[in-house]
Amino acid sequence: MKNEITLTTRREFLRNGMLGSAVAWTVPTFLANTFSALHAEAADSATQIATGRDSTILVVLQMAGGNDGLNTVVPYSNDHYQKARRSIGLSAKDVLKLNDSVGLHPSLTGFKGLYDAGSLGVVQGIGYPNPNRSHFRSTEIWQTASDSQKFEKYGWIGRYFDNACAGADPTVGVNVGRQMPQAFAAKKPMGISLDNPQNYRFVSGEKAKRGEMDASEKSYRELNSTEGEMELGGESNSGGSIGAVAGTVTHNGSPLDFIERTAMDAQISSDKILEISKKVENKASYPASQLGTSLKLVSRLIGGGLPTRIFYVSQGGYDTHTNQANAHERLLRDLGDSVKAFTDDLKAQGNFQRVVVMTFSEFGRRVNENANNGTDHGAAAPMFIIGDKIKAGLMGTYPSLAPEDLNNGDLKYTVDFRTVYAGILESWLKTKSEPVLGKKFTPLAVV
Amino acid sequence: MKDAYFMWLQNQTFRRLASGNWLQMLDAVAKDPAMLLWLDQAQSRKQSPNENFAREVMELFSLGEGHYTEKDVTEAARAMTGWTLNRAAQRYEYRIQFHDDGVKTVLGKTGSLNGLDVLNLIVAHPQSSRFITSKLWKFFADDNPSTELIESLATNFRSNGNNFKPLLRTMFRSEEFYADSVIRSQVKSPVQWLVGSVRTLERELPASIVCMQLLKNLGQELLMPPNVKGWDGGLSWITTNNLLSRYNQAAMLVLAEGTIPGDSDKKKGRKIEEIANRMAKNMHAVDVSAILNEQERNTKELVIPALEKRFLQAKLKGNQAQTLRAFLDSRGELDDQDIRHTIRLIMSTPEYQLT
């Protein structure tokens, strides 16, 4: 493949130097620490850093606001459902039936197509013990994979990077959006945020000679890559005293360190991102929505060979307290159509078998609708897993809707979301899930 | 909340009461059309109270998670019923027929409570003064105030009748406010970055549509926070993409060069981007004589120290200063355009993003 791109890793980047010179050069302290630590970790790491054209890719799709699972995967033949949802309930003739008891929301035609093709898995009854009904706290629980009463600093994706991707290129994780999700927070942050590829490079404002970098851009690169505190002379230092260094590696956490690191990651990744986003074309037509646009970009980055393992996209607006019907219908249509277009695009590229999409929302909604034709914050809800190699069909058990089985009016979960994460980590990303999730969860066979 | 007029009204409310009283502020914000709609209070009825506002007022605006129970939420929601919006008049209205006047228990107090009672109970809760003073300290000073500091600010706040002005005065005059650990420990928000840059550059603010697009690319769309909690701020302003946007948009402010890249897939969005770029073409480069005196403008040795002082209020790191000097040397005779490029480069450093 001509358009395959090999990205420089942070390590190679440091070794070669920004300006390609072999002179002694300086690096920020935190990078030097990372750099030395890489060797320590690489030595006893059983997991090879798998990047490149053959590795598997996970796309995490956040449905922000708390999606009404009951009107998404609808238990249409359940009397309790019909009683609880007198005005916004969906009936047997509305839904896209999956079997005799559940069906998809009528606007999820995109998902129905994928389901029929064996490319969509539905995990029912997802949640966690002692559910929290705050958007922010519950999102945090999902992002950090923590117990409901525990506060974790780092995200589950960040811990995956820390545990399995040491030394990888910063583009091992790509968030499409303006803010980094907490899921990416890591001891050694990795991953880039991208929402506007055209602005993803330094524009010098000067006219350079063909094929040359002008003075302004050269200076920018120097200003954003040196600190002058630690001299590192070529490769002789690279082994270092592993034990001593590895023990003390922490991100020191000053805002300046953080910005320096981000600046470095931006610099390393920007040329490639721009090249790819210009070169690779989409081969499917996407909805003109934020989600559609995000997935369109993800598809181009995959097609262009970026060595990313995890992409993160999001769609907001699911907090449907009032007049839910129209808003929910629009959101789900966008969701189904955008994901469908994405899978078509990947198929046309020949990359569909490498990609799995996993959706999540911070909580489902209350079983009883409220007086404003909407629904309030609830608990358990379904997740969708999309891909060529996933376990298709319905998984897990739909929670009982009988009033005596509810917890404060909410569905009780039947599947812990962390068993899904464990399944994805073990079977798809090929890494041990326990160090990432902080404890042992029996992986759910979603892939 | 997509209604820009209501968001503007809410912003006016914040400005009017920023140095006023805490209870008044909570009351006014709760009755603001934007909040009544955003958190569905306008639609709450006694038959089926909507919990959205009752929850968020405690979680996000006054107490924080863990300082109230789920029961407090449902009971407070009952007490708040009756607070609604007169849509035709576009203002708050109390409707007694929507109000649940039964007995409720909120934050330990039982009675036939109404909306104002709930806000009073919140303000009287010791956690609320800690919550709001800590929020203010984090906004103005740094992210890691000690428990003792917050406790003392909270006590000060309570003893001043929960009024913001005396609290702010105490804060700004405290020794802690000027501690080394506080100086340059915060990331400039996009608005701080833009307004601060314009002032430091001694130039006028670009046309408002240009500002709007610039801020959008930096991650802060005015009157459009990502959710009712507002922007997370701090390090979350900095991502690889936003940082590059800051560097590039510095070129626009200093050199009047470059465009404002847009990413809109919608016709209307593209139109706005187009107009903004057209307006941006009318901008002029920075007037260097407003920033440096005659001697500084003509002497390489003086330029960099003068710019450091103005833009960073600190010394550049040794090799950064060398880089800039090498840059100036590569350009021969010093002229204003070289100085502008140097300014832009200083603004394109991690250090410039801090305050």
# chains A, B, ... in the order shown; residues from 1 in each chain; ligands from 1
>>> interface_residues(of="chain A", to="chain B", cutoff="7 Å", atoms="only C-alpha atoms", output="ChimeraX atom specification")
/A:178-180,192-196,198-203,205,215,219-220,222-224,227-228,255-256,259-260,262-263,265-266,288,370-372
>>> residues_around(residues="Asp32 in chain B", least_positions_apart="2", cutoff="10 Å", atoms="only C-alpha atoms", output="VMD selection string")
chain B and resid 6 to 7 9 to 11 13 26 to 30 34 to 38 84 to 85 90 to 92
>>> atom_distance(atom1="CA of Leu253 in chain B", atom2="CA of Ser216 in chain A")
16.1 Å
>>> residues_around(residues="Val195 in chain B", least_positions_apart="6", cutoff="12 Å", atoms="only C-alpha atoms", output="ChimeraX atom specification")
/B:188-189,201-206,211,214-215,250,253
>>> write_last_selection(atoms="N, CA and C atoms", output="JSON list (two decimals), in the first residue's frame")
[["chain", "number", "residue", "atom", "x", "y", "z"],
["B", 188, "LYS", "N", -4.76, 29.80, 30.89],
["B", 188, "LYS", "CA", -5.68, 30.85, 30.45],
["B", 188, "LYS", "C", -6.86, 30.22, 29.74],
["B", 189, "SER", "N", -8.05, 30.66, 30.07],
["B", 189, "SER", "CA", -9.20, 30.21, 29.29],
["B", 189, "SER", "C", -9.12, 30.88, 27.93],
["B", 201, "LEU", "N", -1.08, 43.23, 23.32],
["B", 201, "LEU", "CA", -0.63, 43.63, 21.98],
["B", 201, "LEU", "C", -1.01, 45.07, 21.66],
["B", 202, "GLU", "N", -1.72, 45.72, 22.59],
["B", 202, "GLU", "CA", -2.16, 47.12, 22.39],
["B", 202, "GLU", "C", -2.93, 47.25, 21.07],
["B", 203, "ARG", "N", -3.79, 46.26, 20.81],
["B", 203, "ARG", "CA", -4.59, 46.37, 19.60],
["B", 203, "ARG", "C", -6.05, 46.31, 19.98],
["B", 204, "GLU", "N", -6.93, 46.61, 19.03],
["B", 204, "GLU", "CA", -8.37, 46.54, 19.33],
["B", 204, "GLU", "C", -8.84, 45.09, 19.17],
["B", 205, "LEU", "N", -9.96, 44.79, 19.80],
["B", 205, "LEU", "CA", -10.55, 43.46, 19.67],
["B", 205, "LEU", "C", -11.02, 43.29, 18.23],
["B", 206, "PRO", "N", -10.80, 42.13, 17.61],
["B", 206, "PRO", "CA", -11.33, 41.91, 16.25],
["B", 206, "PRO", "C", -12.86, 41.98, 16.25],
["B", 211, "CYS", "N", -14.09, 37.12, 16.68],
["B", 211, "CYS", "CA", -13.83, 36.63, 18.05],
["B", 211, "CYS", "C", -14.58, 35.33, 18.29],
["B", 214, "LEU", "N", -12.85, 32.51, 16.54],
["B", 214, "LEU", "CA", -11.56, 32.22, 17.18],
["B", 214, "LEU", "C", -11.79, 31.43, 18.46],
["B", 215, "LEU", "N", -12.72, 31.91, 19.29],
["B", 215, "LEU", "CA", -12.97, 31.25, 20.58],
["B", 215, "LEU", "C", -13.51, 29.84, 20.38],
["B", 250, "ALA", "N", -2.66, 33.18, 17.14],
["B", 250, "ALA", "CA", -1.75, 34.24, 17.55],
["B", 250, "ALA", "C", -1.25, 34.97, 16.31],
["B", 253, "LEU", "N", -3.74, 37.59, 15.24],
["B", 253, "LEU", "CA", -3.76, 38.78, 16.09],
["B", 253, "LEU", "C", -2.52, 39.64, 15.92]]
>>> residues_around(residues="Tyr94 in chain B", least_positions_apart="5", cutoff="12 Å", atoms="only C-alpha atoms", output="number ranges by chain")
B: 31, 36, 41-42, 44-45, 80-86, 99, 114-116
>>> write_last_selection(atoms="N, CA and C atoms", output="PDB file, in the first residue's frame")
ATOM      1  N   LYS B  31     -34.536  31.486  38.914  1.00  0.00           N
ATOM      2  CA  LYS B  31     -35.711  32.088  38.272  1.00  0.00           C
ATOM      3  C   LYS B  31     -35.406  32.637  36.878  1.00  0.00           C
ATOM      4  N   LEU B  36     -34.697  27.895  34.108  1.00  0.00           N
ATOM      5  CA  LEU B  36     -36.022  27.273  34.208  1.00  0.00           C
ATOM      6  C   LEU B  36     -36.258  26.296  33.058  1.00  0.00           C
ATOM      7  N   GLN B  41     -37.316  23.024  35.183  1.00  0.00           N
ATOM      8  CA  GLN B  41     -38.134  23.457  36.309  1.00  0.00           C
ATOM      9  C   GLN B  41     -39.461  24.033  35.802  1.00  0.00           C
ATOM     10  N   ALA B  42     -39.408  24.715  34.655  1.00  0.00           N
ATOM     11  CA  ALA B  42     -40.617  25.335  34.115  1.00  0.00           C
ATOM     12  C   ALA B  42     -41.739  24.320  33.918  1.00  0.00           C
ATOM     13  N   SER B  44     -42.193  21.513  35.758  1.00  0.00           N
ATOM     14  CA  SER B  44     -42.421  20.663  36.922  1.00  0.00           C
ATOM     15  C   SER B  44     -43.807  20.943  37.526  1.00  0.00           C
ATOM     16  N   ARG B  45     -44.522  19.853  37.791  1.00  0.00           N
ATOM     17  CA  ARG B  45     -45.869  19.987  38.360  1.00  0.00           C
ATOM     18  C   ARG B  45     -45.980  19.130  39.595  1.00  0.00           C
ATOM     19  N   MET B  80     -39.952  22.728  45.075  1.00  0.00           N
ATOM     20  CA  MET B  80     -39.704  23.719  44.015  1.00  0.00           C
ATOM     21  C   MET B  80     -40.902  23.892  43.061  1.00  0.00           C
ATOM     22  N   THR B  81     -41.839  22.958  43.102  1.00  0.00           N
ATOM     23  CA  THR B  81     -42.958  23.048  42.153  1.00  0.00           C
ATOM     24  C   THR B  81     -43.680  24.384  42.327  1.00  0.00           C
ATOM     25  N   GLY B  82     -44.172  24.912  41.221  1.00  0.00           N
ATOM     26  CA  GLY B  82     -44.820  26.220  41.245  1.00  0.00           C
ATOM     27  C   GLY B  82     -43.923  27.285  40.642  1.00  0.00           C
ATOM     28  N   TRP B  83     -42.601  27.047  40.680  1.00  0.00           N
ATOM     29  CA  TRP B  83     -41.667  27.976  40.031  1.00  0.00           C
ATOM     30  C   TRP B  83     -41.689  27.641  38.548  1.00  0.00           C
ATOM     31  N   THR B  84     -42.178  28.561  37.775  1.00  0.00           N
ATOM     32  CA  THR B  84     -42.322  28.236  36.362  1.00  0.00           C
ATOM     33  C   THR B  84     -42.072  29.466  35.503  1.00  0.00           C
ATOM     34  N   LEU B  85     -42.249  29.282  34.214  1.00  0.00           N
ATOM     35  CA  LEU B  85     -41.921  30.358  33.267  1.00  0.00           C
ATOM     36  C   LEU B  85     -43.182  30.835  32.568  1.00  0.00           C
ATOM     37  N   ASN B  86     -43.334  32.140  32.501  1.00  0.00           N
ATOM     38  CA  ASN B  86     -44.379  32.715  31.660  1.00  0.00           C
ATOM     39  C   ASN B  86     -43.748  32.919  30.285  1.00  0.00           C
ATOM     40  N   HIS B  99     -48.022  24.088  42.668  1.00  0.00           N
ATOM     41  CA  HIS B  99     -47.193  23.862  43.848  1.00  0.00           C
ATOM     42  C   HIS B  99     -47.738  22.763  44.750  1.00  0.00           C
ATOM     43  N   ASN B 114     -41.265  25.439  50.583  1.00  0.00           N
ATOM     44  CA  ASN B 114     -41.387  25.903  49.190  1.00  0.00           C
ATOM     45  C   ASN B 114     -39.988  26.112  48.604  1.00  0.00           C
ATOM     46  N   GLY B 115     -39.933  26.626  47.366  1.00  0.00           N
ATOM     47  CA  GLY B 115     -38.659  26.759  46.662  1.00  0.00           C
ATOM     48  C   GLY B 115     -37.658  27.622  47.420  1.00  0.00           C
ATOM     49  N   LEU B 116     -38.113  28.754  47.918  1.00  0.00           N
ATOM     50  CA  LEU B 116     -37.206  29.653  48.619  1.00  0.00           C
ATOM     51  C   LEU B 116     -36.685  29.003  49.906  1.00  0.00           C
TER      52      LEU B 116
END
>>> residues_around(residues="Ser299 in chain A", least_positions_apart="2", cutoff="9 Å", atoms="only C-alpha atoms", output="number ranges by chain")
A: 280-282, 294-297, 301-304, 342-343, 345-346, 349
>>> closest_residue(among="A:Gln353, A:Ser148, A:Gln324, A:Gln315", to="Trp428 in chain A", atoms="only C-alpha atoms")
A:Gln353
>>> residues_around(residues="Asn144 in chain B", least_positions_apart="4", cutoff="10 Å", atoms="only C-alpha atoms", output="PyMOL selection string")
chain B and resi 134+137-138+181-182+185
>>> decode(residues="range 232-265 of chain B", atoms="C-alpha atoms", output="CSV table (one decimal), in the first residue's frame")
chain,number,residue,atom,x,y,z
B,232,ASP,CA,-14.4,22.3,33.0
B,233,GLY,CA,-11.5,24.8,32.5
B,234,GLY,CA,-8.0,24.2,33.7
B,235,LEU,CA,-5.9,21.7,31.9
B,236,SER,CA,-9.0,20.6,29.9
B,237,TRP,CA,-8.6,23.8,27.8
B,238,ILE,CA,-5.4,22.3,26.4
B,239,THR,CA,-5.6,19.5,23.8
B,240,THR,CA,-3.2,18.9,20.9
B,241,ASN,CA,-5.7,20.5,18.6
B,242,ASN,CA,-6.7,23.5,20.8
B,243,LEU,CA,-3.0,24.3,21.5
B,244,LEU,CA,-2.2,24.4,17.8
B,245,SER,CA,-5.2,26.6,17.3
B,246,ARG,CA,-3.9,29.0,19.9
B,247,TYR,CA,-0.5,29.1,18.1
B,248,ASN,CA,-2.1,29.8,14.8
B,249,GLN,CA,-4.6,32.3,15.9
B,250,ALA,CA,-1.7,34.2,17.6
B,251,ALA,CA,-0.5,34.8,14.0
B,252,MET,CA,-3.9,36.4,13.1
B,253,LEU,CA,-3.8,38.8,16.1
B,254,VAL,CA,-0.1,39.8,15.6
B,255,LEU,CA,0.5,39.5,11.9
B,256,ALA,CA,-3.1,39.7,10.6
B,257,GLU,CA,-2.2,36.6,8.6
B,258,GLY,CA,-3.9,33.3,8.2
B,259,THR,CA,-7.5,32.2,8.2
B,260,ILE,CA,-9.8,30.8,10.8
B,261,PRO,CA,-10.3,27.2,9.8
B,262,GLY,CA,-13.8,26.0,10.3
B,263,ASP,CA,-15.2,22.5,10.4
B,264,SER,CA,-18.9,23.1,9.9
B,265,ASP,CA,-20.7,20.6,7.9
